[in-house]
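Below is start.txt, holding compact mmCIF, C-alpha atoms and all ligand atoms.
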```
# COMPACT_ATOMS: atom_id res chain seq x y z
CA MET Y 1 -46.26 80.46 -82.84
CA LYS Y 2 -44.36 81.46 -79.76
CA MET Y 3 -45.39 79.64 -76.60
CA THR Y 4 -46.43 82.14 -73.92
CA GLN Y 5 -45.20 81.97 -70.32
CA GLU Y 6 -48.75 81.13 -69.20
CA GLN Y 7 -48.90 78.22 -71.64
CA LEU Y 8 -45.49 76.92 -70.57
CA ASP Y 9 -46.54 77.14 -66.92
CA LEU Y 10 -49.70 75.11 -67.62
CA ILE Y 11 -47.69 72.50 -69.54
CA LYS Y 12 -45.13 72.25 -66.72
CA LYS Y 13 -47.86 71.89 -64.14
CA GLN Y 14 -49.42 69.10 -66.16
CA PHE Y 15 -46.13 67.34 -66.86
CA ALA Y 16 -45.01 67.38 -63.22
CA THR Y 17 -47.35 64.48 -62.37
CA LEU Y 18 -48.61 63.19 -65.73
CA LYS Y 19 -46.56 60.01 -65.83
CA ASP Y 20 -47.62 59.08 -62.29
CA ARG Y 21 -51.29 59.61 -63.09
CA SER Y 22 -51.40 57.95 -66.50
CA PRO Y 23 -50.02 54.55 -67.47
CA PHE Y 24 -50.66 55.58 -71.09
CA TYR Y 25 -48.21 58.49 -70.83
CA ALA Y 26 -45.80 56.59 -68.58
CA LYS Y 27 -45.41 54.19 -71.50
CA LYS Y 28 -45.51 56.80 -74.26
CA PHE Y 29 -42.81 58.96 -72.65
CA GLU Y 30 -40.69 56.10 -71.34
CA GLY Y 31 -37.12 57.31 -70.99
CA ILE Y 32 -38.13 60.99 -71.37
CA ASP Y 33 -38.09 63.17 -68.27
CA ILE Y 34 -41.12 65.31 -69.16
CA ALA Y 35 -41.20 66.85 -65.68
CA SER Y 36 -37.96 68.68 -66.49
CA ILE Y 37 -39.20 70.31 -69.71
CA ASP Y 38 -38.73 74.03 -69.36
CA SER Y 39 -38.90 75.58 -72.84
CA GLN Y 40 -40.68 75.54 -76.16
CA GLU Y 41 -37.59 73.99 -77.80
CA GLU Y 42 -37.63 71.05 -75.39
CA PHE Y 43 -41.37 70.66 -75.80
CA GLU Y 44 -41.00 70.49 -79.58
CA LYS Y 45 -38.76 67.44 -79.23
CA LEU Y 46 -41.60 65.36 -77.75
CA PRO Y 47 -43.13 62.70 -80.00
CA PHE Y 48 -46.53 63.38 -81.59
CA SER Y 49 -49.72 61.55 -80.62
CA GLU Y 50 -51.84 59.94 -83.31
CA LYS Y 51 -55.43 58.79 -83.39
CA ASN Y 52 -54.11 55.23 -83.53
CA ASP Y 53 -52.34 55.66 -80.16
CA LEU Y 54 -55.69 56.67 -78.70
CA ARG Y 55 -57.43 53.70 -80.31
CA GLU Y 56 -54.95 51.37 -78.69
CA ALA Y 57 -55.96 52.80 -75.33
CA TYR Y 58 -59.55 51.62 -75.90
CA PRO Y 59 -61.70 51.57 -73.85
CA LEU Y 60 -60.50 53.68 -70.89
CA GLY Y 61 -56.72 53.65 -71.14
CA LEU Y 62 -56.53 57.43 -71.58
CA MET Y 63 -57.96 58.09 -68.13
CA ALA Y 64 -55.46 60.23 -66.22
CA VAL Y 65 -57.43 60.70 -62.98
CA PRO Y 66 -59.03 58.22 -60.55
CA GLU Y 67 -62.29 56.92 -61.98
CA GLU Y 68 -64.46 58.57 -59.33
CA GLN Y 69 -63.53 61.93 -60.86
CA ILE Y 70 -64.81 60.99 -64.32
CA VAL Y 71 -68.34 62.29 -64.95
CA ARG Y 72 -68.86 61.22 -68.57
CA ILE Y 73 -67.22 59.90 -71.69
CA HIS Y 74 -67.50 60.83 -75.34
CA SER Y 75 -66.38 58.82 -78.27
CA SER Y 76 -65.37 59.60 -81.81
CA SER Y 77 -66.96 57.58 -84.54
CA GLY Y 78 -65.61 54.14 -85.16
CA THR Y 79 -66.33 54.00 -88.88
CA THR Y 80 -62.69 53.33 -89.65
CA GLY Y 81 -61.91 50.99 -86.77
CA THR Y 82 -61.93 50.90 -82.99
CA PRO Y 83 -63.48 54.09 -81.58
CA VAL Y 84 -61.59 56.49 -79.34
CA VAL Y 85 -63.09 57.02 -75.88
CA ILE Y 86 -62.34 60.30 -74.12
CA PRO Y 87 -63.13 60.54 -70.37
CA TYR Y 88 -64.12 63.97 -68.95
CA THR Y 89 -63.97 65.29 -65.39
CA GLN Y 90 -66.46 67.92 -64.18
CA LYS Y 91 -63.79 70.58 -64.74
CA ASP Y 92 -63.35 69.36 -68.34
CA VAL Y 93 -67.09 69.65 -68.95
CA ASP Y 94 -67.17 73.12 -67.35
CA ASP Y 95 -64.14 74.27 -69.35
CA TRP Y 96 -65.78 73.08 -72.54
CA ALA Y 97 -68.93 75.04 -71.67
CA ILE Y 98 -66.86 78.17 -71.00
CA GLN Y 99 -65.15 77.88 -74.37
CA PHE Y 100 -68.39 77.18 -76.20
CA ALA Y 101 -70.15 80.13 -74.56
CA ARG Y 102 -67.24 82.31 -75.72
CA CYS Y 103 -67.87 81.05 -79.25
CA TYR Y 104 -71.51 82.11 -79.12
CA GLU Y 105 -70.46 85.50 -77.73
CA MET Y 106 -67.94 85.92 -80.52
CA ALA Y 107 -70.81 85.39 -82.96
CA GLY Y 108 -72.79 88.14 -81.20
CA ILE Y 109 -75.28 85.68 -79.71
CA THR Y 110 -76.75 86.64 -76.31
CA ASN Y 111 -79.01 85.25 -73.61
CA LYS Y 112 -81.97 86.69 -75.53
CA ASP Y 113 -81.36 84.30 -78.42
CA ARG Y 114 -83.13 81.02 -79.12
CA ILE Y 115 -80.71 78.44 -80.42
CA GLN Y 116 -82.05 75.55 -82.50
CA ILE Y 117 -79.58 72.69 -82.16
CA THR Y 118 -79.65 70.17 -85.01
CA PRO Y 119 -76.37 68.21 -84.58
CA GLY Y 120 -76.85 64.79 -83.00
CA TYR Y 121 -76.82 64.09 -79.27
CA GLY Y 122 -75.10 61.04 -77.85
CA LEU Y 123 -71.64 59.59 -77.84
CA TRP Y 124 -70.18 62.16 -80.16
CA THR Y 125 -69.59 65.65 -78.91
CA ALA Y 126 -71.73 67.67 -81.29
CA GLY Y 127 -75.27 68.35 -80.00
CA ILE Y 128 -74.38 68.15 -76.34
CA GLY Y 129 -71.58 70.72 -76.82
CA PHE Y 130 -73.87 73.21 -78.55
CA GLN Y 131 -76.32 72.68 -75.67
CA LEU Y 132 -73.69 73.15 -72.93
CA GLY Y 133 -72.50 76.43 -74.42
CA CYS Y 134 -76.04 77.65 -74.90
CA GLU Y 135 -77.00 77.00 -71.28
CA ARG Y 136 -73.76 78.54 -70.02
CA LEU Y 137 -74.54 81.66 -72.05
CA GLY Y 138 -78.10 81.69 -70.73
CA ALA Y 139 -79.74 81.50 -74.14
CA MET Y 140 -82.73 79.25 -74.84
CA ALA Y 141 -81.77 75.86 -76.25
CA ILE Y 142 -84.13 74.13 -78.64
CA PRO Y 143 -82.55 70.67 -78.61
CA MET Y 144 -83.91 69.16 -81.82
CA GLY Y 145 -81.11 66.82 -82.76
CA PRO Y 146 -80.81 65.79 -86.39
CA GLY Y 147 -83.43 64.93 -88.96
CA ASN Y 148 -87.22 65.32 -89.19
CA THR Y 149 -87.06 68.38 -91.38
CA ASP Y 150 -90.83 69.04 -91.15
CA LYS Y 151 -90.63 69.33 -87.39
CA GLN Y 152 -87.43 71.38 -87.56
CA LEU Y 153 -89.16 73.94 -89.78
CA GLN Y 154 -92.31 73.96 -87.66
CA MET Y 155 -90.38 74.60 -84.44
CA MET Y 156 -88.22 77.16 -86.22
CA GLN Y 157 -91.36 79.16 -87.02
CA ASP Y 158 -93.37 78.57 -83.85
CA LEU Y 159 -90.54 79.15 -81.40
CA LYS Y 160 -89.01 81.91 -83.53
CA SER Y 161 -85.50 80.45 -83.40
CA THR Y 162 -82.92 83.16 -83.95
CA VAL Y 163 -79.86 80.93 -84.28
CA ILE Y 164 -79.44 77.68 -86.19
CA THR Y 165 -76.59 75.32 -85.39
CA ALA Y 166 -75.85 72.55 -87.88
CA THR Y 167 -73.35 70.80 -90.07
CA SER Y 168 -73.01 72.57 -93.40
CA SER Y 169 -74.73 69.65 -95.17
CA TYR Y 170 -77.81 69.89 -92.98
CA ALA Y 171 -77.83 73.69 -93.13
CA ILE Y 172 -77.96 73.56 -96.92
CA LEU Y 173 -80.78 71.02 -96.78
CA LEU Y 174 -82.77 73.26 -94.43
CA ALA Y 175 -82.02 76.33 -96.55
CA GLU Y 176 -83.33 74.58 -99.65
CA GLU Y 177 -86.51 73.49 -97.86
CA VAL Y 178 -87.13 77.00 -96.54
CA GLN Y 179 -86.85 78.33 -100.06
CA LYS Y 180 -88.92 75.54 -101.62
CA ARG Y 181 -91.75 76.00 -99.13
CA GLY Y 182 -91.62 79.79 -99.30
CA LEU Y 183 -90.98 80.15 -95.56
CA ARG Y 184 -88.37 82.89 -95.71
CA ASP Y 185 -90.81 85.53 -94.33
CA LYS Y 186 -91.99 83.22 -91.56
CA ILE Y 187 -88.63 82.50 -89.95
CA PHE Y 188 -86.62 84.69 -87.60
CA LEU Y 189 -83.11 83.32 -87.97
CA LYS Y 190 -80.26 85.83 -87.73
CA LYS Y 191 -77.19 83.69 -87.30
CA GLY Y 192 -75.85 80.25 -88.05
CA VAL Y 193 -73.09 78.44 -86.19
CA ILE Y 194 -71.88 75.78 -88.54
CA GLY Y 195 -69.31 73.18 -87.78
CA SER Y 196 -67.63 69.87 -88.18
CA GLU Y 197 -66.69 69.75 -91.83
CA ARG Y 198 -64.77 71.77 -94.34
CA TRP Y 199 -66.99 73.43 -96.87
CA GLY Y 200 -66.89 75.65 -99.90
CA GLU Y 201 -67.64 79.30 -100.42
CA LYS Y 202 -70.62 78.56 -102.68
CA THR Y 203 -72.32 76.47 -100.01
CA ARG Y 204 -71.74 79.22 -97.47
CA GLN Y 205 -73.15 81.85 -99.80
CA ARG Y 206 -76.27 79.81 -100.54
CA ILE Y 207 -76.99 79.17 -96.86
CA GLN Y 208 -76.46 82.85 -96.04
CA ASP Y 209 -78.66 84.04 -98.90
CA GLU Y 210 -81.46 81.52 -98.61
CA LEU Y 211 -81.79 81.76 -94.83
CA GLY Y 212 -80.82 85.43 -94.63
CA ILE Y 213 -78.31 84.80 -91.84
CA GLN Y 214 -74.72 85.51 -90.96
CA ILE Y 215 -72.59 82.39 -90.62
CA TYR Y 216 -69.80 81.51 -88.19
CA ASP Y 217 -67.49 78.51 -88.51
CA ILE Y 218 -66.93 76.62 -85.30
CA TYR Y 219 -63.93 74.37 -84.79
CA GLY Y 220 -63.24 71.39 -82.59
CA LEU Y 221 -62.76 67.65 -82.39
CA THR Y 222 -64.00 65.00 -80.02
CA GLU Y 223 -60.49 64.11 -78.89
CA ILE Y 224 -60.06 67.69 -77.60
CA TYR Y 225 -63.31 68.71 -75.80
CA GLY Y 226 -65.41 68.74 -79.00
CA PRO Y 227 -66.69 71.66 -81.08
CA GLY Y 228 -66.16 75.03 -79.43
CA ILE Y 229 -62.39 75.37 -79.11
CA GLY Y 230 -62.39 78.08 -81.77
CA ILE Y 231 -64.73 80.13 -84.00
CA SER Y 232 -64.65 82.75 -86.74
CA CYS Y 233 -65.51 86.37 -85.89
CA ASP Y 234 -67.30 89.16 -87.79
CA GLU Y 235 -64.18 89.66 -89.93
CA HIS Y 236 -64.51 86.06 -91.20
CA SER Y 237 -60.77 85.84 -91.67
CA GLY Y 238 -59.96 82.58 -89.92
CA MET Y 239 -61.02 81.16 -86.56
CA HIS Y 240 -59.93 82.50 -83.17
CA MET Y 241 -58.64 79.68 -80.95
CA TRP Y 242 -58.94 79.64 -77.15
CA THR Y 243 -55.22 79.33 -76.49
CA ASP Y 244 -55.63 79.35 -72.72
CA TYR Y 245 -57.04 75.83 -73.19
CA VAL Y 246 -55.04 74.54 -76.16
CA TYR Y 247 -51.51 75.12 -77.40
CA MET Y 248 -51.30 75.00 -81.19
CA GLU Y 249 -48.57 74.20 -83.65
CA VAL Y 250 -48.63 73.81 -87.43
CA ILE Y 251 -46.23 71.20 -88.76
CA ASP Y 252 -45.03 69.89 -92.08
CA PRO Y 253 -47.06 66.64 -92.27
CA LYS Y 254 -44.19 64.80 -93.94
CA THR Y 255 -41.19 65.87 -91.84
CA GLY Y 256 -42.94 66.79 -88.58
CA LYS Y 257 -41.03 70.08 -88.51
CA VAL Y 258 -42.81 73.00 -86.84
CA LEU Y 259 -43.64 75.62 -89.49
CA PRO Y 260 -43.51 79.40 -89.05
CA ASP Y 261 -46.80 81.32 -88.72
CA GLY Y 262 -48.50 81.83 -92.08
CA GLU Y 263 -47.27 78.59 -93.60
CA THR Y 264 -49.77 75.86 -94.36
CA GLY Y 265 -49.45 72.44 -92.77
CA GLU Y 266 -51.10 70.13 -90.27
CA LEU Y 267 -52.58 71.47 -87.04
CA VAL Y 268 -51.18 69.86 -83.88
CA LEU Y 269 -52.88 70.54 -80.54
CA THR Y 270 -51.88 70.13 -76.89
CA THR Y 271 -54.46 70.47 -74.14
CA LEU Y 272 -53.36 72.85 -71.38
CA GLN Y 273 -55.99 72.24 -68.72
CA LYS Y 274 -57.61 68.92 -69.46
CA GLU Y 275 -57.73 66.44 -66.59
CA GLY Y 276 -59.63 63.34 -67.76
CA ALA Y 277 -57.63 62.73 -70.93
CA PRO Y 278 -54.88 65.27 -71.61
CA LEU Y 279 -53.46 65.16 -75.13
CA ILE Y 280 -49.90 66.08 -75.98
CA ARG Y 281 -48.96 67.18 -79.51
CA TYR Y 282 -52.01 65.52 -81.03
CA ARG Y 283 -52.02 65.40 -84.83
CA THR Y 284 -55.46 66.59 -85.99
CA HIS Y 285 -54.80 65.94 -89.71
CA ASP Y 286 -56.58 69.24 -90.40
CA ILE Y 287 -54.74 71.41 -92.89
CA THR Y 288 -54.48 75.09 -91.99
CA SER Y 289 -52.03 77.82 -91.02
CA ILE Y 290 -51.64 80.15 -88.06
CA VAL Y 291 -52.75 83.60 -89.24
CA PRO Y 292 -49.99 86.10 -88.37
CA GLY Y 293 -50.82 89.41 -86.69
CA ASP Y 294 -53.83 90.76 -84.82
CA CYS Y 295 -57.39 90.41 -86.08
CA PRO Y 296 -59.11 93.70 -87.02
CA CYS Y 297 -61.98 92.65 -84.71
CA GLY Y 298 -59.73 93.41 -81.72
CA CYS Y 299 -59.89 89.93 -80.19
CA LYS Y 300 -56.48 88.95 -78.86
CA TYR Y 301 -56.83 85.20 -79.29
CA PRO Y 302 -54.74 84.00 -82.25
CA ARG Y 303 -56.36 82.62 -85.40
CA ILE Y 304 -56.05 79.64 -87.67
CA ALA Y 305 -57.02 79.94 -91.33
CA THR Y 306 -60.21 78.32 -92.64
CA LEU Y 307 -59.48 74.61 -93.00
CA THR Y 308 -58.53 73.58 -96.52
CA GLY Y 309 -58.84 69.84 -96.02
CA ARG Y 310 -57.43 66.89 -94.17
CA THR Y 311 -54.10 65.25 -94.79
CA ASP Y 312 -55.94 61.93 -95.15
CA ASP Y 313 -58.49 63.34 -97.66
CA MET Y 314 -55.99 63.67 -100.43
CA VAL Y 315 -56.53 61.41 -103.42
CA LYS Y 316 -54.03 60.68 -106.13
CA VAL Y 317 -55.40 60.31 -109.66
CA LYS Y 318 -53.48 60.17 -112.93
CA GLY Y 319 -50.35 61.26 -111.10
CA CYS Y 320 -51.79 64.40 -109.50
CA ASN Y 321 -52.66 65.01 -105.85
CA ILE Y 322 -56.18 66.29 -105.36
CA PHE Y 323 -57.51 67.94 -102.19
CA PRO Y 324 -61.26 68.49 -101.77
CA ALA Y 325 -60.64 72.21 -101.22
CA GLN Y 326 -59.14 72.47 -104.70
CA ILE Y 327 -62.21 70.89 -106.25
CA GLU Y 328 -64.35 73.39 -104.38
CA GLU Y 329 -62.20 76.16 -105.79
CA VAL Y 330 -62.83 74.85 -109.32
CA ILE Y 331 -66.59 74.65 -108.68
CA LYS Y 332 -66.54 78.21 -107.36
CA MET Y 333 -64.70 79.50 -110.45
CA THR Y 334 -66.96 77.79 -112.99
CA GLU Y 335 -69.97 79.79 -114.05
CA GLY Y 336 -73.34 78.04 -113.92
CA THR Y 337 -72.44 75.56 -111.17
CA SER Y 338 -74.34 75.27 -107.91
CA SER Y 339 -72.77 74.30 -104.58
CA GLU Y 340 -73.33 70.56 -104.85
CA TYR Y 341 -70.91 68.21 -106.57
CA GLN Y 342 -69.54 64.69 -106.50
CA VAL Y 343 -66.27 63.24 -107.67
CA MET Y 344 -66.06 59.62 -108.82
CA ILE Y 345 -62.80 57.82 -109.34
CA GLU Y 346 -62.87 54.35 -110.85
CA THR Y 347 -60.71 52.03 -112.85
CA ILE Y 348 -61.97 50.94 -116.24
CA SER Y 349 -59.76 48.55 -118.24
CA GLY Y 350 -56.76 49.42 -116.10
CA LYS Y 351 -57.17 53.18 -116.51
CA ASP Y 352 -58.15 55.69 -113.83
CA ILE Y 353 -61.32 57.52 -114.79
CA LEU Y 354 -62.10 60.77 -113.00
CA THR Y 355 -65.64 62.13 -113.22
CA VAL Y 356 -66.96 65.35 -111.68
CA LEU Y 357 -70.74 65.58 -111.35
CA PHE Y 358 -72.10 69.04 -110.55
CA GLU Y 359 -75.60 70.41 -110.09
CA THR Y 360 -76.57 73.15 -112.49
CA PRO Y 361 -79.78 74.94 -113.50
CA LEU Y 362 -78.43 75.09 -117.08
CA GLU Y 363 -79.55 72.83 -119.93
CA GLY Y 364 -78.55 71.94 -123.48
CA LYS Y 365 -75.80 73.98 -125.08
CA GLU Y 366 -75.27 76.14 -122.03
CA LYS Y 367 -74.80 73.08 -119.87
CA ALA Y 368 -72.28 71.65 -122.33
CA LYS Y 369 -70.38 74.93 -122.17
CA ALA Y 370 -70.24 74.82 -118.36
CA GLU Y 371 -69.00 71.21 -118.51
CA LYS Y 372 -66.20 72.18 -120.87
CA GLU Y 373 -65.27 75.18 -118.79
CA LEU Y 374 -65.16 73.15 -115.57
CA ALA Y 375 -62.87 70.54 -117.13
CA ALA Y 376 -60.54 73.26 -118.42
CA ILE Y 377 -60.34 75.06 -115.05
CA PHE Y 378 -59.78 71.71 -113.32
CA LYS Y 379 -56.87 70.96 -115.66
CA ALA Y 380 -55.36 74.42 -115.12
CA LYS Y 381 -55.71 74.36 -111.32
CA ILE Y 382 -55.10 70.72 -110.44
CA GLY Y 383 -53.24 69.29 -113.39
CA CYS Y 384 -55.49 66.59 -114.83
CA THR Y 385 -58.60 66.63 -116.96
CA PRO Y 386 -61.82 65.13 -115.57
CA ASP Y 387 -65.00 64.10 -117.32
CA ALA Y 388 -67.36 66.89 -116.21
CA LYS Y 389 -71.10 66.22 -116.20
CA GLY Y 390 -73.83 68.68 -115.27
CA VAL Y 391 -76.87 67.17 -113.54
CA PRO Y 392 -80.22 68.83 -112.62
CA MET Y 393 -80.53 70.76 -109.34
CA GLY Y 394 -81.41 68.54 -106.38
CA GLU Y 395 -80.20 65.34 -108.06
CA LEU Y 396 -77.14 64.67 -105.88
CA PRO Y 397 -77.81 63.22 -102.42
CA ARG Y 398 -78.01 65.51 -99.38
CA SER Y 399 -77.02 64.31 -95.94
CA GLU Y 400 -77.91 65.20 -92.37
CA LYS Y 401 -74.38 64.48 -91.28
CA LYS Y 402 -71.26 64.88 -93.33
CA THR Y 403 -71.76 64.79 -97.07
CA LYS Y 404 -69.41 62.41 -98.81
CA ARG Y 405 -68.31 63.99 -102.06
CA ILE Y 406 -65.38 61.94 -103.24
CA PHE Y 407 -66.02 58.31 -104.14
CA ASP Y 408 -62.91 56.32 -104.88
CA SER Y 409 -63.84 52.82 -105.99
CA ARG Y 410 -60.38 51.84 -107.18
CA TYR Y 411 -59.42 49.82 -104.14
ZN ZN E 1 -61.40 88.42 -85.19
```

What's the structure tokens form of this structure?
Ligand code: ZN
Amino acid sequence: MKMTQEQLDLIKKQFATLKDRSPFYAKKFEGIDIASIDSQEEFEKLPFSEKNDLREAYPLGLMAVPEEQIVRIHSSSGTTGTPVVIPYTQKDVDDWAIQFARCYEMAGITNKDRIQITPGYGLWTAGIGFQLGCERLGAMAIPMGPGNTDKQLQMMQDLKSTVITATSSYAILLAEEVQKRGLRDKIFLKKGVIGSERWGEKTRQRIQDELGIQIYDIYGLTEIYGPGIGISCDEHSGMHMWTDYVYMEVIDPKTGKVLPDGETGELVLTTLQKEGAPLIRYRTHDITSIVPGDCPCGCKYPRIATLTGRTDDMVKVKGCNIFPAQIEEVIKMTEGTSSEYQVMIETISGKDILTVLFETPLEGKEKAKAEKELAAIFKAKIGCTPDAKGVPMGELPRSEKKTKRIFDSRY
């Protein structure tokens, strides 16, 4: 994607003083005169940033302004090690709100809407981001936070929520409860803004059908504002990205080479206006492509394709590389499957055993047929044959946060 003059100007402005303001970048770019960078080609020679670099800066090493200008911090989850702490200035918080409000507007949400917010509030950027954008837009926030499904459904009816915001796992749980309790005629939802994990077409379809809403995918990560830096539009052909706040590149994850638009690789983001903790060429590990050409919706902001996975989600079994998105594709193509599935990988007597559990309303012979079909499609699409087992609807665990679907117990 060609860097615009406006983007280059913002990068140059940032680079002019970055090393003086930030010991982190003074060290990272030691021996590189970033203040003299004057073109996309020169910019593309800069080293990437990784989550591990940010971890090493724990707790406040990323701070690039005097502390009195920092108004809050957020932190990404530390499940895999030291957390990353991102400091925000007031301008950063305001800019995030502006971007998030744009997302709501893109989804056709107005100040007459009532937005039920179910992602969690706290250190991570989810709930508080949905709230910021909602207030900026002037809509009515119903700040539920996660869990307590009974209360969620009660408030949804009593306050006549028109928009639900959730992770896809929680949205499916709510959709199932609405159906189970026969509440479809008592709720007023029109739209869903769903974020924070990659999900399959079947899940989307079920949430849309069971709640009777139109769904928009929202993109973002804690390291770069949080959710709200991009969203899908009515065309549902990728997510528009607010490129006045981030510069995006898609690279080959192995070689680091920048790929042409349309080619699939890893998304790399650079913040253009961030003060508290600017990020330069940050590797998101999200796999996508830049969608070439203009969107039929008329919006001029460029798009990335729906995420197909993360570079670190790939598992290798029996010599083939498996991405979660491929498994979803197989589930989608197999008749008689529902949206929920689980993949188990284990070693039994030195051999890798791959099992796919899927929920299905089918029983007996019909179930056996679906199992056989799934295994065959899996083999054709991915290259190895799993043990496919149909289980009754509702048997696999649901989660209020991200649903873990691949369990690798080999290590
Ligand atoms: Zn569009």

Cut-off 10 Å, only C-alpha atoms and all ligand atoms, neighbours of ligand ZN 1 (chain E) as a PDB file with C-alpha atoms, in the frame of the given file:
```
ATOM      1  CA  MET Y 106     -67.940  85.920 -80.520  1.00  0.00           C
ATOM      2  CA  ILE Y 231     -64.730  80.130 -84.000  1.00  0.00           C
ATOM      3  CA  SER Y 232     -64.650  82.750 -86.740  1.00  0.00           C
ATOM      4  CA  CYS Y 233     -65.510  86.370 -85.890  1.00  0.00           C
ATOM      5  CA  ASP Y 234     -67.300  89.160 -87.790  1.00  0.00           C
ATOM      6  CA  GLU Y 235     -64.180  89.660 -89.930  1.00  0.00           C
ATOM      7  CA  HIS Y 236     -64.510  86.060 -91.200  1.00  0.00           C
ATOM      8  CA  SER Y 237     -60.770  85.840 -91.670  1.00  0.00           C
ATOM      9  CA  GLY Y 238     -59.960  82.580 -89.920  1.00  0.00           C
ATOM     10  CA  MET Y 239     -61.020  81.160 -86.560  1.00  0.00           C
ATOM     11  CA  HIS Y 240     -59.930  82.500 -83.170  1.00  0.00           C
ATOM     12  CA  ASP Y 294     -53.830  90.760 -84.820  1.00  0.00           C
ATOM     13  CA  CYS Y 295     -57.390  90.410 -86.080  1.00  0.00           C
ATOM     14  CA  PRO Y 296     -59.110  93.700 -87.020  1.00  0.00           C
ATOM     15  CA  CYS Y 297     -61.980  92.650 -84.710  1.00  0.00           C
ATOM     16  CA  GLY Y 298     -59.730  93.410 -81.720  1.00  0.00           C
ATOM     17  CA  CYS Y 299     -59.890  89.930 -80.190  1.00  0.00           C
ATOM     18  CA  LYS Y 300     -56.480  88.950 -78.860  1.00  0.00           C
ATOM     19  CA  TYR Y 301     -56.830  85.200 -79.290  1.00  0.00           C
ATOM     20  CA  PRO Y 302     -54.740  84.000 -82.250  1.00  0.00           C
ATOM     21  CA  ARG Y 303     -56.360  82.620 -85.400  1.00  0.00           C
TER      22      ARG Y 303
END
```

Sphere at (-49.1, 59.6, -80.3), radius 12 Å, counting only C-alpha atoms: residues as an NGL selection string: :Y and (24-25 or 27-29 or 46-57 or 62 or 268-270 or 278-284)

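Here the question is which of Y:Asp408, Y:Lys274, Y:Phe323, Y:Ser399 gets nearest to Leu174 in chain Y using only C-alpha atoms, and that residue is Y:Ser399.
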
12 Å contact set for Asp286 in chain Y, all atoms listed in the file, chain neighbours under 3 positions out, as a ChimeraX atom specification: /Y:196-198,219-221,249-253,264-269,282-283,289,304-314,323,325

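Nearest residue to Ile128 in chain Y, choosing from Y:Ala97, Y:Leu153, Y:Leu272, Y:Leu357 and counting only C-alpha atoms: Y:Ala97.
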
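The residue that comes closest to Gly226 in chain Y, out of Y:Phe378, Y:Phe407, Y:Phe130, Y:Phe358 and on the basis of all atoms listed in the file, is Y:Phe130.
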
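The list of residues with at least one atom within 8 Å of Leu8 in chain Y, based on only C-alpha atoms and without residues fewer than 5 positions apart in the same chain, reads Met3, Asp38, Ser39 and Gln40 of chain Y.
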
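Comparing the minimum interatomic distances between Met1 in chain Y and each of Y:Gly364, Y:Gly394, Y:Pro292, Y:Gly350, counting all atoms listed in the file, we find that Y:Pro292 sits nearest.
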
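Here CA of Val163 in chain Y is placed at a distance of 24.7 Å from CA of Ile224 in chain Y.
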
Distance of CA of Pro119 in chain Y from CA of Pro227 in chain Y, expressed in Å to one decimal place: 10.9 Å

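With CA of Lys316 in chain Y on one side and CA of Leu396 in chain Y on the other, the separation reads 23.5 Å.
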
Within 12 Å of Glu6 in chain Y using only C-alpha atoms, minus same-chain residues under 4 positions, as a VMD selection string: chain Y and resid 2 10 to 13 39 243 to 247 272 to 273

Test item: residues at most 12 Å from Ser169 in chain Y, only C-alpha atoms, excluding those fewer than 2 positions along its chain, as a count of residues only: 35

Residues within 7 Å of Val193 in chain Y, all atoms listed in the file, excluding chain neighbours under 6 positions, as a CSV table (one decimal) with C-alpha atoms, in the coordinates of the input:
```csv
chain,number,residue,atom,x,y,z
Y,164,ILE,CA,-79.4,77.7,-86.2
Y,165,THR,CA,-76.6,75.3,-85.4
Y,166,ALA,CA,-75.8,72.6,-87.9
Y,215,ILE,CA,-72.6,82.4,-90.6
Y,216,TYR,CA,-69.8,81.5,-88.2
Y,217,ASP,CA,-67.5,78.5,-88.5
Y,218,ILE,CA,-66.9,76.6,-85.3
```

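Nearest residue to Tyr121 in chain Y, choosing from Y:Met144, Y:Ile32, Y:Cys103, Y:Leu137 and counting all atoms listed in the file: Y:Met144.
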
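Distances from Y:Ile115, Y:Ile322, Y:Ile348, Y:Val391 to Lys379 in chain Y were compared using only C-alpha atoms, and the smallest one belongs to Y:Ile322.
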
Neighbour residues at most 7 Å from (-63.1, 74.7, -75.4) (all atoms listed in the file) as a ChimeraX atom specification: /Y:95-100,225,228-229,242,245

Return as lines of an AutoDock Vina configuration file the centre and edge lengths, in Å with one decimal, of the box along x, y and z that encloses every atom of range 28-40 of chain Y in the file, padded by 3 Å per side.
```
center_x = -41.3
center_y = 65.8
center_z = -70.9
size_x = 14.4
size_y = 25.5
size_z = 16.5
```
